[in-house]
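Here's the structure, in structure tokens; my notes come after.
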Amino acid sequence: LSVKLKKNFPNSKIIIIDLPEINCLQRIYQWNASPKAKVFDYVNYKKRGLKFFFKNKYDYAILPTWVIKNIPNKSLDLVINTQSFQEMNSMTVKNYMQHINRTTKINGFFYILPQRTQFQSSKII
């Protein structure tokens with residue numbers, strides 16, 4: 001999804017926040033799709049902090065979940081969750097929703113893609 005968003009919105013900066021093992025897979029896919037993309041990773045974060053990502057020209061930040069607390073307030077135009085809330089307990093979802101509300105701009109958007117069930121059609125219209 002991040003690679004497709006970047007292709008459609010080339011001037012965007014995309015932050016991917018997920019479990020470290022998923023981030024490894026995401027990085028491999030992203031690198032294969034866009035080998036010249038400038039990526040801010042956890043090593044950069046530990047050395048320079050997240051403000052460095054926002055102030056410099058990066059295409060992507062691929063970061064672990066605990067970094068979400070350092071995303072500046074009202075700094076994101078769009079937040080997307082794809083099929084992960086159903087894997088979390090209610091307190092974890094509440095925590096993420098608080099961060100989503102805190103980091104999304106006033107006129108920003110939150111899009112959630114729930115997991116399909118066996119009763120939903122796989123046909124995309």
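Following the order of the structure tokens, first chain is A, next is B, and so on, with residues numbered from 1 inside each chain and ligands from 1 in the order they appear.
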Do a neighbour search on region 100-116 of chain A at 8 Å with only C-alpha atoms, toss out local chain neighbours closer than 4 positions, and write the hits as JSON, numbers by chain. {"A": [71, 72, 73, 74, 75, 76, 77, 78, 79, 80, 81, 82, 83, 84, 85, 86, 96, 120]}
Could you pull the residues within 9 Å of Lys13 (chain A), counting only C-alpha atoms, minus those fewer than 5 positions along the same chain, as a list in words?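 Final neighbour list, sorted by chain and number: Lys6, Phe53, Phe54, Lys57, Tyr58, Asp59, Tyr60 and Ala61 of chain A.
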Would you please extract all strand (DSSP E) residues from chain A, as assigned by DSSP on the backbone, and give them as an NGL selection string? :A and (14-18 or 39-40 or 60-64 or 76-82 or 104-113)
Restricting the output to C-alpha atoms, write the selected residues as an mmCIF file, in the first residue's frame.
data_model
loop_
_atom_site.group_PDB
_atom_site.id
_atom_site.type_symbol
_atom_site.label_atom_id
_atom_site.label_comp_id
_atom_site.auth_asym_id
_atom_site.auth_seq_id
_atom_site.Cartn_x
_atom_site.Cartn_y
_atom_site.Cartn_z
ATOM 1 C CA ILE A 14 4.951 8.049 4.287
ATOM 2 C CA ILE A 15 5.392 6.696 7.801
ATOM 3 C CA ILE A 16 4.952 2.964 8.216
ATOM 4 C CA ILE A 17 4.497 1.836 11.802
ATOM 5 C CA ASP A 18 4.318 -1.873 12.484
ATOM 6 C CA VAL A 39 14.174 5.694 3.813
ATOM 7 C CA PHE A 40 14.336 6.827 7.420
ATOM 8 C CA TYR A 60 9.449 6.736 3.852
ATOM 9 C CA ALA A 61 9.931 6.179 7.550
ATOM 10 C CA ILE A 62 9.691 2.533 8.571
ATOM 11 C CA LEU A 63 9.434 2.412 12.349
ATOM 12 C CA PRO A 64 8.324 0.160 15.216
ATOM 13 C CA LEU A 76 -0.455 13.792 9.503
ATOM 14 C CA ASP A 77 -2.844 14.325 6.609
ATOM 15 C CA LEU A 78 -3.934 10.704 6.379
ATOM 16 C CA VAL A 79 -3.722 7.749 8.748
ATOM 17 C CA ILE A 80 -4.544 4.265 7.483
ATOM 18 C CA ASN A 81 -5.062 1.106 9.483
ATOM 19 C CA THR A 82 -5.228 -2.110 7.511
ATOM 20 C CA THR A 104 -4.093 13.634 12.463
ATOM 21 C CA LYS A 105 -4.562 17.196 11.215
ATOM 22 C CA ILE A 106 -7.907 18.890 11.831
ATOM 23 C CA ASN A 107 -8.933 18.392 8.189
ATOM 24 C CA GLY A 108 -7.065 15.092 7.913
ATOM 25 C CA PHE A 109 -8.480 11.643 7.364
ATOM 26 C CA PHE A 110 -8.454 8.282 9.103
ATOM 27 C CA TYR A 111 -9.217 5.272 6.940
ATOM 28 C CA ILE A 112 -9.617 1.806 8.386
ATOM 29 C CA LEU A 113 -9.707 -1.303 6.263
#
Among A:Ser2, A:Gln30, A:Asn70, A:Ser12, Gly49 (chain A) is approached most closely, using only C-alpha atoms, by A:Asn70
Among region 29-91 of chain A, which residues does DSSP mark as alpha helix (DSSP H) when it is run on the backbone? Keep the chain and numbering as in the structure and answer as JSON, numbers by chain. {"A": [29, 30, 31, 32, 33, 42, 43, 44, 45, 46, 47, 48, 50, 51, 52, 53, 54, 55, 90, 91]}
May I have the selected residues written with N, CA, C and O atoms, as a PDB file, in the first residue's frame?
ATOM      1  N   TYR A  29      10.190  -5.312   0.408  1.00  0.00           N
ATOM      2  CA  TYR A  29       9.245  -5.034  -0.671  1.00  0.00           C
ATOM      3  C   TYR A  29       9.426  -3.611  -1.190  1.00  0.00           C
ATOM      4  O   TYR A  29       9.489  -3.381  -2.405  1.00  0.00           O
ATOM      5  N   GLN A  30       9.527  -2.661  -0.277  1.00  0.00           N
ATOM      6  CA  GLN A  30       9.668  -1.260  -0.662  1.00  0.00           C
ATOM      7  C   GLN A  30      10.961  -1.061  -1.450  1.00  0.00           C
ATOM      8  O   GLN A  30      10.981  -0.361  -2.451  1.00  0.00           O
ATOM      9  N   TRP A  31      12.050  -1.670  -1.005  1.00  0.00           N
ATOM     10  CA  TRP A  31      13.322  -1.532  -1.706  1.00  0.00           C
ATOM     11  C   TRP A  31      13.248  -2.122  -3.110  1.00  0.00           C
ATOM     12  O   TRP A  31      13.750  -1.528  -4.069  1.00  0.00           O
ATOM     13  N   ASN A  32      12.620  -3.275  -3.268  1.00  0.00           N
ATOM     14  CA  ASN A  32      12.469  -3.879  -4.593  1.00  0.00           C
ATOM     15  C   ASN A  32      11.618  -3.012  -5.512  1.00  0.00           C
ATOM     16  O   ASN A  32      11.888  -2.919  -6.710  1.00  0.00           O
ATOM     17  N   ALA A  33      10.598  -2.382  -4.971  1.00  0.00           N
ATOM     18  CA  ALA A  33       9.709  -1.540  -5.777  1.00  0.00           C
ATOM     19  C   ALA A  33      10.319  -0.177  -6.076  1.00  0.00           C
ATOM     20  O   ALA A  33      10.079   0.387  -7.141  1.00  0.00           O
ATOM     21  N   TYR A  42      14.829   2.854  11.838  1.00  0.00           N
ATOM     22  CA  TYR A  42      14.961   2.938  13.294  1.00  0.00           C
ATOM     23  C   TYR A  42      16.356   3.389  13.724  1.00  0.00           C
ATOM     24  O   TYR A  42      16.502   4.096  14.722  1.00  0.00           O
ATOM     25  N   VAL A  43      17.373   3.025  12.963  1.00  0.00           N
ATOM     26  CA  VAL A  43      18.734   3.483  13.272  1.00  0.00           C
ATOM     27  C   VAL A  43      18.798   5.012  13.166  1.00  0.00           C
ATOM     28  O   VAL A  43      19.349   5.679  14.046  1.00  0.00           O
ATOM     29  N   ASN A  44      18.208   5.577  12.098  1.00  0.00           N
ATOM     30  CA  ASN A  44      18.139   7.039  11.959  1.00  0.00           C
ATOM     31  C   ASN A  44      17.363   7.658  13.120  1.00  0.00           C
ATOM     32  O   ASN A  44      17.754   8.693  13.660  1.00  0.00           O
ATOM     33  N   TYR A  45      16.267   7.029  13.469  1.00  0.00           N
ATOM     34  CA  TYR A  45      15.442   7.526  14.569  1.00  0.00           C
ATOM     35  C   TYR A  45      16.240   7.584  15.868  1.00  0.00           C
ATOM     36  O   TYR A  45      16.190   8.580  16.593  1.00  0.00           O
ATOM     37  N   LYS A  46      16.976   6.515  16.170  1.00  0.00           N
ATOM     38  CA  LYS A  46      17.755   6.470  17.413  1.00  0.00           C
ATOM     39  C   LYS A  46      18.866   7.526  17.424  1.00  0.00           C
ATOM     40  O   LYS A  46      19.156   8.100  18.458  1.00  0.00           O
ATOM     41  N   LYS A  47      19.455   7.797  16.273  1.00  0.00           N
ATOM     42  CA  LYS A  47      20.538   8.779  16.187  1.00  0.00           C
ATOM     43  C   LYS A  47      20.031  10.212  16.178  1.00  0.00           C
ATOM     44  O   LYS A  47      20.639  11.091  16.786  1.00  0.00           O
ATOM     45  N   ARG A  48      18.943  10.458  15.439  1.00  0.00           N
ATOM     46  CA  ARG A  48      18.550  11.839  15.150  1.00  0.00           C
ATOM     47  C   ARG A  48      17.172  12.248  15.660  1.00  0.00           C
ATOM     48  O   ARG A  48      16.849  13.422  15.660  1.00  0.00           O
ATOM     49  N   LEU A  50      12.764  11.753  15.506  1.00  0.00           N
ATOM     50  CA  LEU A  50      11.755  11.810  14.450  1.00  0.00           C
ATOM     51  C   LEU A  50      11.654  13.182  13.786  1.00  0.00           C
ATOM     52  O   LEU A  50      11.274  13.285  12.624  1.00  0.00           O
ATOM     53  N   LYS A  51      12.024  14.243  14.504  1.00  0.00           N
ATOM     54  CA  LYS A  51      11.986  15.582  13.896  1.00  0.00           C
ATOM     55  C   LYS A  51      12.878  15.652  12.663  1.00  0.00           C
ATOM     56  O   LYS A  51      12.573  16.364  11.707  1.00  0.00           O
ATOM     57  N   PHE A  52      13.962  14.898  12.666  1.00  0.00           N
ATOM     58  CA  PHE A  52      14.872  14.871  11.527  1.00  0.00           C
ATOM     59  C   PHE A  52      14.161  14.365  10.277  1.00  0.00           C
ATOM     60  O   PHE A  52      14.390  14.862   9.176  1.00  0.00           O
ATOM     61  N   PHE A  53      13.298  13.372  10.442  1.00  0.00           N
ATOM     62  CA  PHE A  53      12.509  12.859   9.307  1.00  0.00           C
ATOM     63  C   PHE A  53      11.628  13.953   8.724  1.00  0.00           C
ATOM     64  O   PHE A  53      11.578  14.150   7.515  1.00  0.00           O
ATOM     65  N   PHE A  54      10.927  14.683   9.582  1.00  0.00           N
ATOM     66  CA  PHE A  54      10.005  15.705   9.109  1.00  0.00           C
ATOM     67  C   PHE A  54      10.726  16.896   8.474  1.00  0.00           C
ATOM     68  O   PHE A  54      10.198  17.529   7.568  1.00  0.00           O
ATOM     69  N   LYS A  55      11.937  17.201   8.935  1.00  0.00           N
ATOM     70  CA  LYS A  55      12.664  18.365   8.434  1.00  0.00           C
ATOM     71  C   LYS A  55      13.507  18.079   7.193  1.00  0.00           C
ATOM     72  O   LYS A  55      14.006  18.999   6.570  1.00  0.00           O
ATOM     73  N   SER A  90      -8.783  -4.383  23.539  1.00  0.00           N
ATOM     74  CA  SER A  90      -9.472  -3.083  23.493  1.00  0.00           C
ATOM     75  C   SER A  90      -8.613  -1.936  24.029  1.00  0.00           C
ATOM     76  O   SER A  90      -8.702  -0.811  23.531  1.00  0.00           O
ATOM     77  N   MET A  91      -7.761  -2.189  25.016  1.00  0.00           N
ATOM     78  CA  MET A  91      -6.892  -1.125  25.540  1.00  0.00           C
ATOM     79  C   MET A  91      -5.856  -0.694  24.509  1.00  0.00           C
ATOM     80  O   MET A  91      -5.534   0.495  24.402  1.00  0.00           O
TER      81      MET A  91
END
Find the distance between CA of Ile28 (chain A) and CA of Thr65 (chain A) and write it in Å to one decimal.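 Separating CA of Ile28 (chain A) from CA of Thr65 (chain A) is a distance of 18.4 Å.
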Restricting to only C-alpha atoms, whichever of A:Lys4, A:Asn89, A:Ile22, A:Asn11 is closest to Ser34 (chain A) is A:Lys4
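You can rank A:Arg27, A:Lys36, A:Lys69, A:Lys7 by their closest distance to Gln98 (chain A) using only C-alpha atoms, and at the top of that list sits A:Lys69.
Pairwise distance (CA of Glu21 (chain A), CA of Thr92 (chain A)) equals 18.9 Å.
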